[in-house]
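Raw contents of start.tsv, TSV, N, CA and C atoms:
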chain	number	residue	atom	x	y	z
A	1272	MET	N	96.45	104.90	107.22
A	1272	MET	CA	95.85	104.79	105.91
A	1272	MET	C	96.78	104.05	104.95
A	1273	LYS	N	98.08	104.34	105.06
A	1273	LYS	CA	99.05	103.71	104.18
A	1273	LYS	C	99.12	102.20	104.45
A	1274	THR	N	99.05	101.80	105.71
A	1274	THR	CA	99.08	100.38	106.07
A	1274	THR	C	97.85	99.67	105.54
A	1275	PHE	N	96.68	100.30	105.65
A	1275	PHE	CA	95.45	99.72	105.15
A	1275	PHE	C	95.52	99.52	103.64
A	1276	LEU	N	96.07	100.49	102.93
A	1276	LEU	CA	96.22	100.38	101.48
A	1276	LEU	C	97.18	99.27	101.11
A	1277	LYS	N	98.25	99.11	101.88
A	1277	LYS	CA	99.20	98.03	101.63
A	1277	LYS	C	98.56	96.66	101.86
A	1278	ILE	N	97.72	96.56	102.88
A	1278	ILE	CA	97.00	95.31	103.14
A	1278	ILE	C	96.08	94.99	101.96
A	1279	LEU	N	95.36	95.99	101.47
A	1279	LEU	CA	94.47	95.76	100.33
A	1279	LEU	C	95.23	95.37	99.07
A	1280	LEU	N	96.37	96.00	98.84
A	1280	LEU	CA	97.18	95.65	97.67
A	1280	LEU	C	97.75	94.24	97.80
A	1281	THR	N	98.13	93.85	99.01
A	1281	THR	CA	98.61	92.48	99.23
A	1281	THR	C	97.48	91.49	99.01
A	1282	ALA	N	96.28	91.82	99.46
A	1282	ALA	CA	95.13	90.95	99.23
A	1282	ALA	C	94.84	90.80	97.74
A	1283	LEU	N	94.97	91.89	97.00
A	1283	LEU	CA	94.80	91.83	95.55
A	1283	LEU	C	95.84	90.92	94.91
A	1284	ALA	N	97.08	91.02	95.37
A	1284	ALA	CA	98.15	90.16	94.85
A	1284	ALA	C	97.88	88.70	95.20
A	1285	VAL	N	97.35	88.43	96.38
A	1285	VAL	CA	97.02	87.06	96.78
A	1285	VAL	C	95.95	86.49	95.86
A	1286	ILE	N	94.93	87.28	95.54
A	1286	ILE	CA	93.86	86.82	94.66
A	1286	ILE	C	94.40	86.55	93.26
A	1287	VAL	N	95.22	87.46	92.74
A	1287	VAL	CA	95.78	87.27	91.40
A	1287	VAL	C	96.65	86.02	91.35
A	1288	LEU	N	97.50	85.85	92.35
A	1288	LEU	CA	98.37	84.67	92.37
A	1288	LEU	C	97.60	83.38	92.56
A	1289	ALA	N	96.51	83.42	93.31
A	1289	ALA	CA	95.69	82.22	93.48
A	1289	ALA	C	95.03	81.82	92.17
A	1290	ASN	N	94.71	82.81	91.34
A	1290	ASN	CA	94.13	82.50	90.04
A	1290	ASN	C	95.17	82.03	89.03
A	1291	ILE	N	96.41	82.45	89.21
A	1291	ILE	CA	97.47	82.09	88.26
A	1291	ILE	C	98.11	80.76	88.61
A	1292	LEU	N	98.46	80.57	89.88
A	1292	LEU	CA	99.22	79.39	90.29
A	1292	LEU	C	98.31	78.21	90.60
A	1293	PRO	N	98.64	77.06	90.03
A	1293	PRO	CA	97.92	75.86	90.46
A	1293	PRO	C	98.45	75.45	91.84
A	1294	GLY	N	97.57	75.00	92.69
A	1294	GLY	CA	98.00	74.59	94.02
A	1294	GLY	C	97.79	75.65	95.08
A	1295	VAL	N	97.30	76.83	94.68
A	1295	VAL	CA	96.99	77.89	95.64
A	1295	VAL	C	95.51	78.24	95.46
A	1296	ALA	N	94.79	78.25	96.56
A	1296	ALA	CA	93.35	78.55	96.49
A	1296	ALA	C	92.97	79.54	97.58
A	1297	VAL	N	92.13	80.49	97.20
A	1297	VAL	CA	91.56	81.45	98.14
A	1297	VAL	C	90.06	81.40	97.96
A	1298	ALA	N	89.33	81.26	99.05
A	1298	ALA	CA	87.88	81.07	98.98
A	1298	ALA	C	87.16	82.31	98.46
A	1299	ASN	N	87.50	83.48	99.00
A	1299	ASN	CA	86.81	84.70	98.57
A	1299	ASN	C	87.68	85.92	98.90
A	1300	TYR	N	87.12	87.10	98.64
A	1300	TYR	CA	87.89	88.33	98.85
A	1300	TYR	C	88.16	88.60	100.33
A	1301	THR	N	87.21	88.27	101.17
A	1301	THR	CA	87.41	88.46	102.61
A	1301	THR	C	88.55	87.59	103.11
A	1302	THR	N	88.60	86.36	102.62
A	1302	THR	CA	89.70	85.47	103.00
A	1302	THR	C	91.04	86.04	102.53
A	1303	ALA	N	91.06	86.64	101.35
A	1303	ALA	CA	92.30	87.23	100.85
A	1303	ALA	C	92.76	88.38	101.74
A	1304	ILE	N	91.83	89.17	102.24
A	1304	ILE	CA	92.21	90.27	103.15
A	1304	ILE	C	92.72	89.70	104.47
A	1305	ILE	N	92.08	88.65	104.96
A	1305	ILE	CA	92.54	88.01	106.20
A	1305	ILE	C	93.93	87.41	106.00
A	1306	VAL	N	94.16	86.79	104.83
A	1306	VAL	CA	95.49	86.24	104.52
A	1306	VAL	C	96.52	87.35	104.51
A	1307	ALA	N	96.20	88.48	103.91
A	1307	ALA	CA	97.13	89.61	103.86
A	1307	ALA	C	97.47	90.11	105.27
A	1308	VAL	N	96.46	90.18	106.14
A	1308	VAL	CA	96.70	90.62	107.52
A	1308	VAL	C	97.56	89.60	108.27
A	1309	VAL	N	97.25	88.32	108.09
A	1309	VAL	CA	98.01	87.26	108.78
A	1309	VAL	C	99.45	87.25	108.29
A	1310	ILE	N	99.67	87.39	106.99
A	1310	ILE	CA	101.04	87.43	106.46
A	1310	ILE	C	101.78	88.64	107.02
A	1311	ALA	N	101.11	89.78	107.10
A	1311	ALA	CA	101.75	90.97	107.68
A	1311	ALA	C	102.13	90.75	109.14
A	1312	LEU	N	101.22	90.14	109.91
A	1312	LEU	CA	101.52	89.88	111.32
A	1312	LEU	C	102.63	88.84	111.48
A	1313	LEU	N	102.61	87.81	110.65
A	1313	LEU	CA	103.68	86.81	110.72
A	1313	LEU	C	105.02	87.42	110.33
A	1314	ASN	N	105.01	88.29	109.33
A	1314	ASN	CA	106.26	88.97	108.95
A	1314	ASN	C	106.74	89.90	110.05
A	1315	LEU	N	105.81	90.43	110.82
A	1315	LEU	CA	106.18	91.36	111.89
A	1315	LEU	C	106.72	90.64	113.13
A	1316	PHE	N	106.10	89.51	113.50
A	1316	PHE	CA	106.46	88.86	114.75
A	1316	PHE	C	107.29	87.58	114.58
A	1317	VAL	N	106.95	86.73	113.63
A	1317	VAL	CA	107.59	85.43	113.51
A	1317	VAL	C	108.85	85.49	112.65
A	1318	ARG	N	108.81	86.25	111.56
A	1318	ARG	CA	109.95	86.30	110.64
A	1318	ARG	C	111.26	86.72	111.32
A	1319	PRO	N	111.26	87.77	112.19
A	1319	PRO	CA	112.53	88.12	112.84
A	1319	PRO	C	113.10	86.98	113.69
A	1320	LEU	N	112.23	86.23	114.34
A	1320	LEU	CA	112.71	85.09	115.13
A	1320	LEU	C	113.30	84.01	114.23
A	1321	LEU	N	112.62	83.72	113.13
A	1321	LEU	CA	113.14	82.72	112.19
A	1321	LEU	C	114.48	83.16	111.59
A	1322	VAL	N	114.58	84.42	111.25
A	1322	VAL	CA	115.84	84.93	110.69
A	1322	VAL	C	116.95	84.84	111.72
A	1323	PHE	N	116.64	85.17	112.96
A	1323	PHE	CA	117.66	85.12	114.01
A	1323	PHE	C	118.15	83.69	114.25
A	1324	PHE	N	117.21	82.75	114.36
A	1324	PHE	CA	117.60	81.37	114.66
A	1324	PHE	C	118.23	80.65	113.48
A	1325	THR	N	117.99	81.13	112.28
A	1325	THR	CA	118.58	80.49	111.09
A	1325	THR	C	119.68	81.35	110.48
A	1326	LEU	N	120.21	82.27	111.26
A	1326	LEU	CA	121.25	83.17	110.74
A	1326	LEU	C	122.46	82.43	110.18
A	1327	PRO	N	122.97	81.38	110.82
A	1327	PRO	CA	124.11	80.68	110.21
A	1327	PRO	C	123.78	80.09	108.84
A	1328	ALA	N	122.60	79.51	108.70
A	1328	ALA	CA	122.21	78.96	107.39
A	1328	ALA	C	122.04	80.07	106.37
A	1329	THR	N	121.53	81.21	106.79
A	1329	THR	CA	121.36	82.34	105.89
A	1329	THR	C	122.71	82.88	105.43
A	1330	ILE	N	123.68	82.93	106.34
A	1330	ILE	CA	125.01	83.42	105.97
A	1330	ILE	C	125.71	82.45	105.03
A	1331	VAL	N	125.62	81.15	105.32
A	1331	VAL	CA	126.28	80.14	104.48
A	1331	VAL	C	125.70	80.14	103.08
A	1332	THR	N	124.38	80.34	102.96
A	1332	THR	CA	123.75	80.32	101.64
A	1332	THR	C	123.70	81.70	100.99
A	1333	LEU	N	124.39	82.66	101.58
A	1333	LEU	CA	124.46	84.03	101.07
A	1333	LEU	C	123.07	84.67	100.93
A	1334	GLY	N	122.21	84.38	101.89
A	1334	GLY	CA	120.89	85.00	101.94
A	1334	GLY	C	119.79	84.23	101.24
A	1335	LEU	N	120.13	83.17	100.53
A	1335	LEU	CA	119.10	82.41	99.81
A	1335	LEU	C	118.15	81.67	100.75
A	1336	PHE	N	118.58	81.42	101.98
A	1336	PHE	CA	117.71	80.74	102.94
A	1336	PHE	C	116.52	81.61	103.32
A	1337	LEU	N	116.59	82.91	103.06
A	1337	LEU	CA	115.45	83.78	103.33
A	1337	LEU	C	114.24	83.40	102.48
A	1338	PHE	N	114.48	82.84	101.30
A	1338	PHE	CA	113.38	82.34	100.48
A	1338	PHE	C	112.64	81.20	101.20
A	1339	VAL	N	113.40	80.35	101.87
A	1339	VAL	CA	112.80	79.25	102.63
A	1339	VAL	C	111.98	79.82	103.78
A	1340	ILE	N	112.48	80.84	104.43
A	1340	ILE	CA	111.74	81.47	105.52
A	1340	ILE	C	110.43	82.07	105.00
A	1341	ASN	N	110.49	82.70	103.83
A	1341	ASN	CA	109.26	83.24	103.23
A	1341	ASN	C	108.25	82.13	102.95
A	1342	ALA	N	108.73	81.00	102.45
A	1342	ALA	CA	107.83	79.87	102.18
A	1342	ALA	C	107.22	79.34	103.47
A	1343	ILE	N	108.01	79.31	104.54
A	1343	ILE	CA	107.50	78.86	105.84
A	1343	ILE	C	106.41	79.81	106.34
A	1344	ILE	N	106.58	81.11	106.13
A	1344	ILE	CA	105.57	82.09	106.51
A	1344	ILE	C	104.26	81.83	105.75
A	1345	ILE	N	104.36	81.53	104.45
A	1345	ILE	CA	103.18	81.24	103.65
A	1345	ILE	C	102.50	79.96	104.14
A	1346	LEU	N	103.29	78.95	104.47
A	1346	LEU	CA	102.72	77.70	104.98
A	1346	LEU	C	102.05	77.91	106.34
A	1347	LEU	N	102.62	78.77	107.17
A	1347	LEU	CA	101.98	79.09	108.45
A	1347	LEU	C	100.65	79.81	108.23
A	1348	ALA	N	100.62	80.72	107.26
A	1348	ALA	CA	99.37	81.41	106.94
A	1348	ALA	C	98.33	80.42	106.42
A	1349	ASP	N	98.79	79.41	105.67
A	1349	ASP	CA	97.89	78.36	105.19
A	1349	ASP	C	97.25	77.61	106.35
A	1350	LYS	N	98.04	77.32	107.38
A	1350	LYS	CA	97.51	76.60	108.54
A	1350	LYS	C	96.60	77.47	109.41
A	1351	LEU	N	96.84	78.76	109.44
A	1351	LEU	CA	96.09	79.65	110.32
A	1351	LEU	C	94.77	80.14	109.73
A	1352	VAL	N	94.68	80.24	108.40
A	1352	VAL	CA	93.51	80.82	107.76
A	1352	VAL	C	92.75	79.73	107.02
A	1353	SER	N	91.51	79.51	107.43
A	1353	SER	CA	90.68	78.57	106.68
A	1353	SER	C	90.17	79.29	105.42
A	1354	GLY	N	90.14	78.58	104.32
A	1354	GLY	CA	89.77	79.19	103.05
A	1354	GLY	C	90.97	79.56	102.21
A	1355	PHE	N	92.16	79.40	102.75
A	1355	PHE	CA	93.41	79.64	102.02
A	1355	PHE	C	94.19	78.35	102.05
A	1356	ALA	N	94.56	77.86	100.87
A	1356	ALA	CA	95.25	76.57	100.80
A	1356	ALA	C	96.43	76.66	99.84
A	1357	VAL	N	97.54	76.11	100.29
A	1357	VAL	CA	98.74	75.98	99.47
A	1357	VAL	C	99.12	74.51	99.51
A	1358	ASN	N	99.35	73.91	98.34
A	1358	ASN	CA	99.51	72.45	98.27
A	1358	ASN	C	100.83	71.91	98.75
A	1359	GLY	N	101.89	72.66	98.73
A	1359	GLY	CA	103.16	72.10	99.17
A	1359	GLY	C	104.21	73.17	99.35
A	1360	PHE	N	105.41	72.70	99.73
A	1360	PHE	CA	106.50	73.63	100.02
A	1360	PHE	C	106.93	74.40	98.78
A	1361	PHE	N	107.10	73.70	97.66
A	1361	PHE	CA	107.60	74.38	96.46
A	1361	PHE	C	106.56	75.34	95.89
A	1362	THR	N	105.28	75.02	96.05
A	1362	THR	CA	104.23	75.95	95.66
A	1362	THR	C	104.27	77.18	96.56
A	1363	ALA	N	104.49	76.97	97.85
A	1363	ALA	CA	104.61	78.10	98.79
A	1363	ALA	C	105.83	78.94	98.47
A	1364	LEU	N	106.92	78.30	98.08
A	1364	LEU	CA	108.14	79.02	97.71
A	1364	LEU	C	107.89	79.90	96.49
A	1365	LEU	N	107.28	79.33	95.45
A	1365	LEU	CA	106.98	80.10	94.25
A	1365	LEU	C	105.97	81.21	94.56
A	1366	PHE	N	104.97	80.90	95.36
A	1366	PHE	CA	103.97	81.90	95.75
A	1366	PHE	C	104.62	83.06	96.50
A	1367	SER	N	105.53	82.75	97.42
A	1367	SER	CA	106.16	83.81	98.21
A	1367	SER	C	107.07	84.70	97.35
A	1368	VAL	N	107.77	84.09	96.39
A	1368	VAL	CA	108.63	84.88	95.50
A	1368	VAL	C	107.78	85.80	94.62
A	1369	LEU	N	106.72	85.25	94.02
A	1369	LEU	CA	105.86	86.06	93.16
A	1369	LEU	C	105.11	87.12	93.97
A	1370	LEU	N	104.70	86.78	95.19
A	1370	LEU	CA	104.04	87.76	96.04
A	1370	LEU	C	104.98	88.92	96.36
A	1371	SER	N	106.22	88.61	96.63
A	1371	SER	CA	107.21	89.67	96.91
A	1371	SER	C	107.41	90.57	95.70
A	1372	ILE	N	107.47	89.97	94.52
A	1372	ILE	CA	107.64	90.76	93.29
A	1372	ILE	C	106.42	91.65	93.05
A	1373	PHE	N	105.21	91.07	93.15
A	1373	PHE	CA	104.00	91.86	92.94
A	1373	PHE	C	103.88	92.99	93.96
A	1374	ARG	N	104.18	92.69	95.23
A	1374	ARG	CA	104.09	93.72	96.26
A	1374	ARG	C	105.10	94.83	95.99
A	1375	SER	N	106.30	94.48	95.57
A	1375	SER	CA	107.31	95.51	95.27
A	1375	SER	C	106.84	96.41	94.13
A	1376	LEU	N	106.28	95.80	93.10
A	1376	LEU	CA	105.79	96.60	91.97
A	1376	LEU	C	104.64	97.51	92.38
A	1377	MET	N	103.70	96.98	93.13
A	1377	MET	CA	102.54	97.79	93.53
A	1377	MET	C	102.94	98.89	94.51
A	1378	PHE	N	103.84	98.58	95.44
A	1378	PHE	CA	104.25	99.59	96.41
A	1378	PHE	C	105.10	100.67	95.74
A	1379	SER	N	105.86	100.31	94.70
A	1379	SER	CA	106.63	101.33	93.99
A	1379	SER	C	105.70	102.25	93.21
A	1380	LEU	N	104.61	101.72	92.67
A	1380	LEU	CA	103.62	102.57	92.01
A	1380	LEU	C	102.95	103.49	93.02
A	1381	LEU	N	102.74	102.99	94.22
A	1381	LEU	CA	102.14	103.79	95.28
A	1381	LEU	C	103.06	104.95	95.66
A	1382	LYS	N	104.36	104.71	95.71
A	1382	LYS	CA	105.32	105.76	96.05
A	1382	LYS	C	105.38	106.80	94.94
A	1383	GLU	N	105.31	106.36	93.67
A	1383	GLU	CA	105.36	107.31	92.56
A	1383	GLU	C	104.15	108.25	92.56
A	1384	GLU	N	102.98	107.72	92.94
A	1384	GLU	CA	101.79	108.57	92.99
A	1384	GLU	C	101.94	109.65	94.06
A	1385	LYS	N	102.58	109.34	95.17
A	1385	LYS	CA	102.75	110.32	96.25
A	1385	LYS	C	103.70	111.44	95.84
A	1386	ASN	N	104.72	111.12	95.00
A	1386	ASN	CA	105.70	112.11	94.60
A	1386	ASN	C	105.12	113.14	93.65
A	1387	ASN	N	104.10	112.77	92.89
A	1387	ASN	CA	103.52	113.70	91.91
A	1387	ASN	C	102.60	114.70	92.53

Starting from the file, lay out its structure as structure tokens.
Amino acid sequence: MKTFLKILLTALAVIVLANILPGVAVANYTTAIIVAVVIALLNLFVRPLLVFFTLPATIVTLGLFLFVINAIIILLADKLVSGFAVNGFFTALLFSVLLSIFRSLMFSLLKEEKNN
């Protein structure tokens, strides 16, 4: 249940960011849910491989290269999901940073509700 709620919150964040950022488009709510699932799966399977293979670059840049990895994940989701479009690398970078911030805020609110 918690994973399903996180997917829905991520889909909500994708829709909000698509409305705010120029260069990001989501066709409909179903596409946003599919994008959230694809991003979750890419973060689960592809991200660890990317982090492992780019570990020297990540160490040299003191972890800032992880932002590039996040942007690559967003661009991969763009290629895999029809109805989701990101115009370029820097748009994907900004989208991934804002998505991480929104997800952190929403998940922290979710944790606070459980504690009460």

**OP:** May I have all residues of chain A that DSSP, computed from the backbone, assigns to helix (DSSP H, G or I), given as a PyMOL selection string?
**Re:** chain A and resi 1273-1291+1300-1324+1326-1331+1336-1351+1360-1386

**OP:** Find the distance between atom CA of A:Tyr1300 and atom CA of A:Phe1338 and write it in Å to one decimal.
**Re:**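 These two atoms are separated by 26.2 Å.
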
**OP:** List every residue of chain A that DSSP, applied to the backbone of this structure, places in strand (DSSP E or B), and write the result as a list in words.
**Re:**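 These are the residues in question: Val1295, Ala1296, Val1297, Phe1355, Ala1356 and Val1357 of chain A.
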
Original post:
Which polymer residues have any atom within 8 Å of an atom of A:Ile1305, counting only N, CA and C atoms, with same-chain residues fewer than 5 positions away left out, as a PyMOL selection string?
Top reply: chain A and resi 1282+1299-1300+1310-1311+1352

**OP:** Determine the nearest neighbour of A:Leu1369 from the options A:Ile1278, A:Ile1304, A:Ala1284, A:Leu1326, counting only N, CA and C atoms.
**Re:**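 Smallest distance to A:Leu1369 is found for A:Ala1284.
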
Original post:
Can you tell me how far atom C of A:Ile1286 sits from atom N of A:Leu1370, in Å to one decimal?
Top reply: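 Distance reported for this atom pair: 10.5 Å.
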
Subject >> Shell of 7 Å around A:Ile1344, only N, CA and C atoms, local chain residues under 3 positions omitted, as number ranges by chain >> reply: A: 1310, 1313-1314, 1339-1341, 1347-1349

Original post:
atom CA of A:Thr1281 and atom CA of A:Phe1324 are how many Å apart?
Top reply: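 About the pair atom CA of A:Thr1281 and atom CA of A:Phe1324: they are 26.9 Å apart.
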
Original post:
Near A:Val1285, counting all atoms listed in the file, which residues have an atom at most 8 Å away, once you skip same-chain residues fewer than 6 positions from it, shown as a list in words?
Top reply: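 Returned residues: Leu1279, Ile1291, Ala1296, Val1297, Ala1303, Ile1304, Val1306, Ala1307 and Leu1370 of chain A.
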
**OP:** Name all residues at most 12 Å from A:Leu1365 (count only C-alpha atoms; drop same-chain ones fewer than 4 positions away) and give them as a list in words.
**Re:**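 Selected residues are Leu1288, Ala1289, Ile1291, Leu1292, Pro1293, Gly1294, Val1295, Phe1338, Val1339, Asn1341, Ala1342, Ile1343, Ile1345, Leu1346, Val1357, Asn1358, Gly1359, Phe1360, Phe1361, Leu1369, Leu1370, Ser1371 and Ile1372 of chain A.
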
Residue contacts of A:Lys1382 (12 Å, only C-alpha atoms) excluding same-chain residues fewer than 6 positions away, as a PDB file with N, CA and C atoms, in the frame of the given file:
ATOM      1  N   LYS A1273      98.080 104.340 105.060  1.00  0.00           N
ATOM      2  CA  LYS A1273      99.050 103.710 104.180  1.00  0.00           C
ATOM      3  C   LYS A1273      99.120 102.200 104.450  1.00  0.00           C
ATOM      4  N   LEU A1276      96.070 100.490 102.930  1.00  0.00           N
ATOM      5  CA  LEU A1276      96.220 100.380 101.480  1.00  0.00           C
ATOM      6  C   LEU A1276      97.180  99.270 101.110  1.00  0.00           C
ATOM      7  N   LYS A1277      98.250  99.110 101.880  1.00  0.00           N
ATOM      8  CA  LYS A1277      99.200  98.030 101.630  1.00  0.00           C
ATOM      9  C   LYS A1277      98.560  96.660 101.860  1.00  0.00           C
ATOM     10  N   SER A1375     106.300  94.480  95.570  1.00  0.00           N
ATOM     11  CA  SER A1375     107.310  95.510  95.270  1.00  0.00           C
ATOM     12  C   SER A1375     106.840  96.410  94.130  1.00  0.00           C
ATOM     13  N   LEU A1376     106.280  95.800  93.100  1.00  0.00           N
ATOM     14  CA  LEU A1376     105.790  96.600  91.970  1.00  0.00           C
ATOM     15  C   LEU A1376     104.640  97.510  92.380  1.00  0.00           C
TER      16      LEU A1376
END

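Nearest to A:Ala1298 of all the residues A:Phe1355, A:Phe1366, A:Phe1275, A:Phe1373 is A:Phe1355, based on only C-alpha atoms.
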